[in-house]
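S.K.: This is the structure I have questions about; it appears just below.
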Amino acid sequence: MNEKQIDAFINELTDGGSESDSSDSETTDLRKLWGDLGDLPEEPLSNSRMVSEFQVRLAAYREGWDAARGELESQKSPVESRSVLRSLFLYGLVAAFAVGIFLLGILSSGWSEGVDRTALELAQTREALALSLLSQDSAPRRMAALSEASKVQSPSRELRDAVLWTLDNDASVNVRLAAVEAVGALSSENGVDLLVGRLQAQASPLVKMEIIRIALQYGSEGDRQALIQRLDTVELPDSLQAYLKEGTSKI
Amino acid sequence: MKFIYIAKLGVFCLAVLPLPWLAAEERSIDVESRTTVVPHAGDRPIRIAVYSRDGDIEIRGEERDSVEVVIERFDPRDDDRRRARIDYDPGDASLKLKLYGDLKESNLKLTAPSNAVLQLRTEDGNIELSDCFGEIEVSSVDGNIRCERLRGPAAVHTVDGDILLRMAASGTLHAISAATVDGDIVLIIPKGVGAEVDASGIDGDFNCEVPLTMRHDSGLRKRDSSSIRIKAIVNGGGPRISLKAIDGDITIREEK
């Protein structure tokens with residue numbers, strides 16, 4: 001059966017056998033079978049067709065994926081760039097902080113030296129001022145000199161001697177009173193000894209009173225006990241003895 | 001010939017150069033009347049030194065460019081009461097009054113520029129100052145000292161005498177020291193004027209009408225105590241005022 005015959009036979013089957021004998025049972029069965037074929041579900045696609053469709057869909061999916069990804073990337077890039085910038089900024093900040101600390105360390109060491117130098121210059125200026133004022137005729141100026149001298153942290157030998165000389169020799173009682181306090185402030189180590197050693201020589205009871213007061217103020221407890229023992233050998237008026245006892249009784 | 005010219009020039013220089021120095025040389029003024037006025041127009045405050053053996057000294061400061069000295073007992077007709085001298089050095093801006101004979105016992109009254117630097121000393125006499133703003137050094141034996149409207153730095157000392165310090169209404173920026181044996185000290189502070197008070201004494205009372213903020217204190221005077229040891233701030237603090245008294249009271253009052 002060639003192709004034309006097959007087509008004619010199919011037409012006969014579909015048309016109800018107009019051109020052939022329809023009484024043939026075989027043909028009838030075939031016709032029925034042909035009719036039933038129409039009710040059959042659609043023939044599944046062949047593997048090759050499925051594969052090609054799959055490839056098409058896959059390609060479409062890839063295209064869609066790429067497009068979506070591209071779109072997503074185009075949408076996400078500012079956020080990510082901001083994030084990168086933020087990270088860079090933070091790293092930069094930390095680095096700057098570290099550099100700042102480093103520089104601060106260098107500067108602070110330089111600043112500390114500067115402060116020390118300024119303090120030294122201030123002390124030297126204060127000493128020079130005190131020495132200059134101590135040689136003035138005016139008693140208030142000499143008192144001001146002793147006030148300045150009291151503030152010098154590490155007095156020179158010259159300044160200490162000048163203050164002691166003032167305590168021993170100044171004509172003004174007010175100046176000698178100020179000198180007592182300056183000696184106590186300047187000579188923290190042996191100030192009490194220096195003062196007590198001068199107690200007997202001082203003529204003014206006011207200066208004696210001040211020596212006792214300052215010795216008690218600057219002296220440690222041991223100094224005070226030694227002071228009491230030493231003062232037993234010093235001849236003091238009754239009022240000063242009482243003043244001393246009151247001071248030492250507060251230990 | 002050249003040598004002669006050079007020699008003449010040298011002599012001329014030797015003669016001329018000391019002239020400015022001689023011009024500023026101390027002038028000695030013989031006092032010829034009870035009142036003497038010494039002009040002082042220099043920029044520097046004049047330093048006045050007065051010593052009286054047995055007389056009172058009173059000084060009043062005011063805006064002026066001269067110093068007026070009144071010797072109360074001066075009498076030009078009496079040989080013992082007309083010998084006084086004023087040494088004035090315009091270069092050094094100093095004036096020193098020297099009294100001889102009976103005038104050593106005369107009371108003195110001076111009117112001086114208010115910024116004058118004063119060195120006053122008397123034995124058996126009182127000293128009174130008012131409106132003096134310069135540096136003040138005053139000492140007396142057997143005499144009272146009274147400073148009215150005190151503003152400048154002051155060192156005041158007396159034996160057997162009282163001290164009264166009344167600060168100027170503007171207060172002071174300078175340290176004041178007052179010390180007496182056998183006498184009282186009264187400090188009068190204008191209302192609101194600050195100071196740092198350092199008071200110590202033996203055999204005396206401490207009275208204070210001004211609120212004190214104690215800095216260093218072994219306690220205000222105890223009942224059985226005879227001593228005063230106080231370091232305190234008045235009205236927020238200010239210049240240091242040192243008050244020392246033996247056998248005398250220390251009183252701080254507020255100006256009414």
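Chain labels A, B, ... are given in the sequence in which chains occur in the structure tokens; within each chain residues are numbered consecutively from 1, and ligands are likewise numbered from 1 in the order shown.
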Restrict the distance test to only C-alpha atoms, flag each residue of chain B within 9 Å of chain A, and return the flagged residues as an MDAnalysis selection string.

M.R.: chainID B and resid 117:119 135:137 139 153:157 174:181 200:203 218 225:227 229 244:247

S.K.: What is the distance, in Å and to one decimal place, between CA of Leu95 in chain B and CA of Ile163 in chain B?

M.R.: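 Straight-line distance from CA of Leu95 in chain B to CA of Ile163 in chain B works out to 25.6 Å.
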
S.K.: Calculate how many Å separate CA of Glu123 in chain B from CA of Ala171 in chain A, rounding to one decimal.

M.R.: 15.4 Å

S.K.: Please provide as a list in words all residues within 6 Å of Leu108 in chain B, with the sequence filter that same-chain residues fewer than 4 positions apart are discarded (counting only C-alpha atoms).

M.R.: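 Within the cut-off, the hits are Ile57, Val70 and Ile71 of chain B.
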
S.K.: Need the shell around Arg230 in chain A: protein/DNA/RNA residues with any atom at most 12 Å away, counting only C-alpha atoms. Skip same-chain ones fewer than 2 positions apart. Format as a compact mmCIF listing (two decimals) with N, CA, C and O atoms, in the first residue's frame?

M.R.:
```txt
# COMPACT_ATOMS: atom_id res chain seq x y z
N VAL A 192 62.41 72.77 110.46
CA VAL A 192 62.14 72.86 111.89
C VAL A 192 63.43 73.10 112.67
O VAL A 192 63.49 73.93 113.58
N ASP A 193 64.49 72.39 112.27
CA ASP A 193 65.78 72.59 112.94
C ASP A 193 66.27 74.02 112.75
O ASP A 193 66.76 74.64 113.70
N LEU A 195 64.55 76.65 112.21
CA LEU A 195 63.73 77.60 112.98
C LEU A 195 64.02 77.51 114.47
O LEU A 195 64.21 78.53 115.14
N VAL A 196 64.05 76.29 114.98
CA VAL A 196 64.26 76.13 116.43
C VAL A 196 65.64 76.64 116.82
O VAL A 196 65.82 77.22 117.90
N GLY A 197 66.60 76.45 115.90
CA GLY A 197 67.95 76.95 116.17
C GLY A 197 68.00 78.46 116.30
O GLY A 197 68.93 79.01 116.89
N LEU A 199 65.42 80.25 117.56
CA LEU A 199 64.40 80.68 118.52
C LEU A 199 65.00 81.56 119.61
O LEU A 199 64.45 82.61 119.96
N GLN A 200 66.14 81.12 120.13
CA GLN A 200 66.75 81.84 121.25
C GLN A 200 67.26 83.21 120.82
O GLN A 200 67.14 84.18 121.57
N ILE A 212 57.45 78.93 116.79
CA ILE A 212 56.81 77.75 117.42
C ILE A 212 55.63 77.29 116.59
O ILE A 212 55.44 76.09 116.34
N ALA A 215 56.91 75.69 113.33
CA ALA A 215 57.60 74.43 113.61
C ALA A 215 56.58 73.33 113.90
O ALA A 215 56.73 72.19 113.44
N ASP A 223 59.23 65.20 114.84
CA ASP A 223 59.82 66.53 114.97
C ASP A 223 59.25 67.25 116.19
O ASP A 223 59.95 67.93 116.92
N ARG A 224 57.97 67.08 116.36
CA ARG A 224 57.32 67.77 117.47
C ARG A 224 57.84 67.26 118.82
O ARG A 224 58.09 68.05 119.73
N GLN A 225 58.00 65.93 118.90
CA GLN A 225 58.53 65.38 120.15
C GLN A 225 59.95 65.89 120.38
O GLN A 225 60.31 66.27 121.49
N ALA A 226 60.72 65.90 119.28
CA ALA A 226 62.09 66.42 119.39
C ALA A 226 62.06 67.90 119.73
O ALA A 226 62.89 68.39 120.49
N LEU A 227 61.06 68.57 119.17
CA LEU A 227 60.92 70.00 119.42
C LEU A 227 60.67 70.26 120.90
O LEU A 227 61.27 71.15 121.50
N ILE A 228 59.81 69.44 121.48
CA ILE A 228 59.51 69.61 122.91
C ILE A 228 60.79 69.43 123.73
O ILE A 228 61.10 70.23 124.63
N ASP A 232 62.88 72.43 125.82
CA ASP A 232 63.09 72.41 127.26
C ASP A 232 64.39 73.12 127.62
O ASP A 232 64.56 73.61 128.74
N THR A 233 65.30 73.11 126.64
CA THR A 233 66.60 73.74 126.91
C THR A 233 66.59 75.23 126.57
O THR A 233 67.53 75.94 126.87
N VAL A 234 65.52 75.68 125.90
CA VAL A 234 65.45 77.09 125.50
C VAL A 234 64.65 77.87 126.54
O VAL A 234 63.61 77.41 127.00
N GLU A 235 65.18 79.01 126.86
CA GLU A 235 64.49 79.83 127.84
C GLU A 235 63.38 80.62 127.14
O GLU A 235 63.63 81.44 126.26
N LEU A 236 62.15 80.33 127.52
CA LEU A 236 61.01 80.99 126.90
C LEU A 236 60.14 81.63 127.97
O LEU A 236 60.03 81.10 129.08
N LEU A 244 53.38 76.74 123.40
CA LEU A 244 54.02 75.53 122.89
C LEU A 244 53.30 74.29 123.40
O LEU A 244 53.01 73.35 122.64
```

S.K.: Based on DSSP run over this structure's backbone, return all residues of range 8-210 of chain B in strand (DSSP E), as a count of residues only.

M.R.: 101

S.K.: Residues near range 44-55 of chain B, anyone? I mean within 8 Å using only C-alpha atoms, not counting same-chain ones fewer than 5 positions away, as a count of residues only.

M.R.: 26

S.K.: Measure the distance from CA of Thr125 in chain A to CA of Arg198 in chain A in Å and round it to one decimal.

M.R.: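 Going from CA of Thr125 in chain A over to CA of Arg198 in chain A, I get 29.0 Å.
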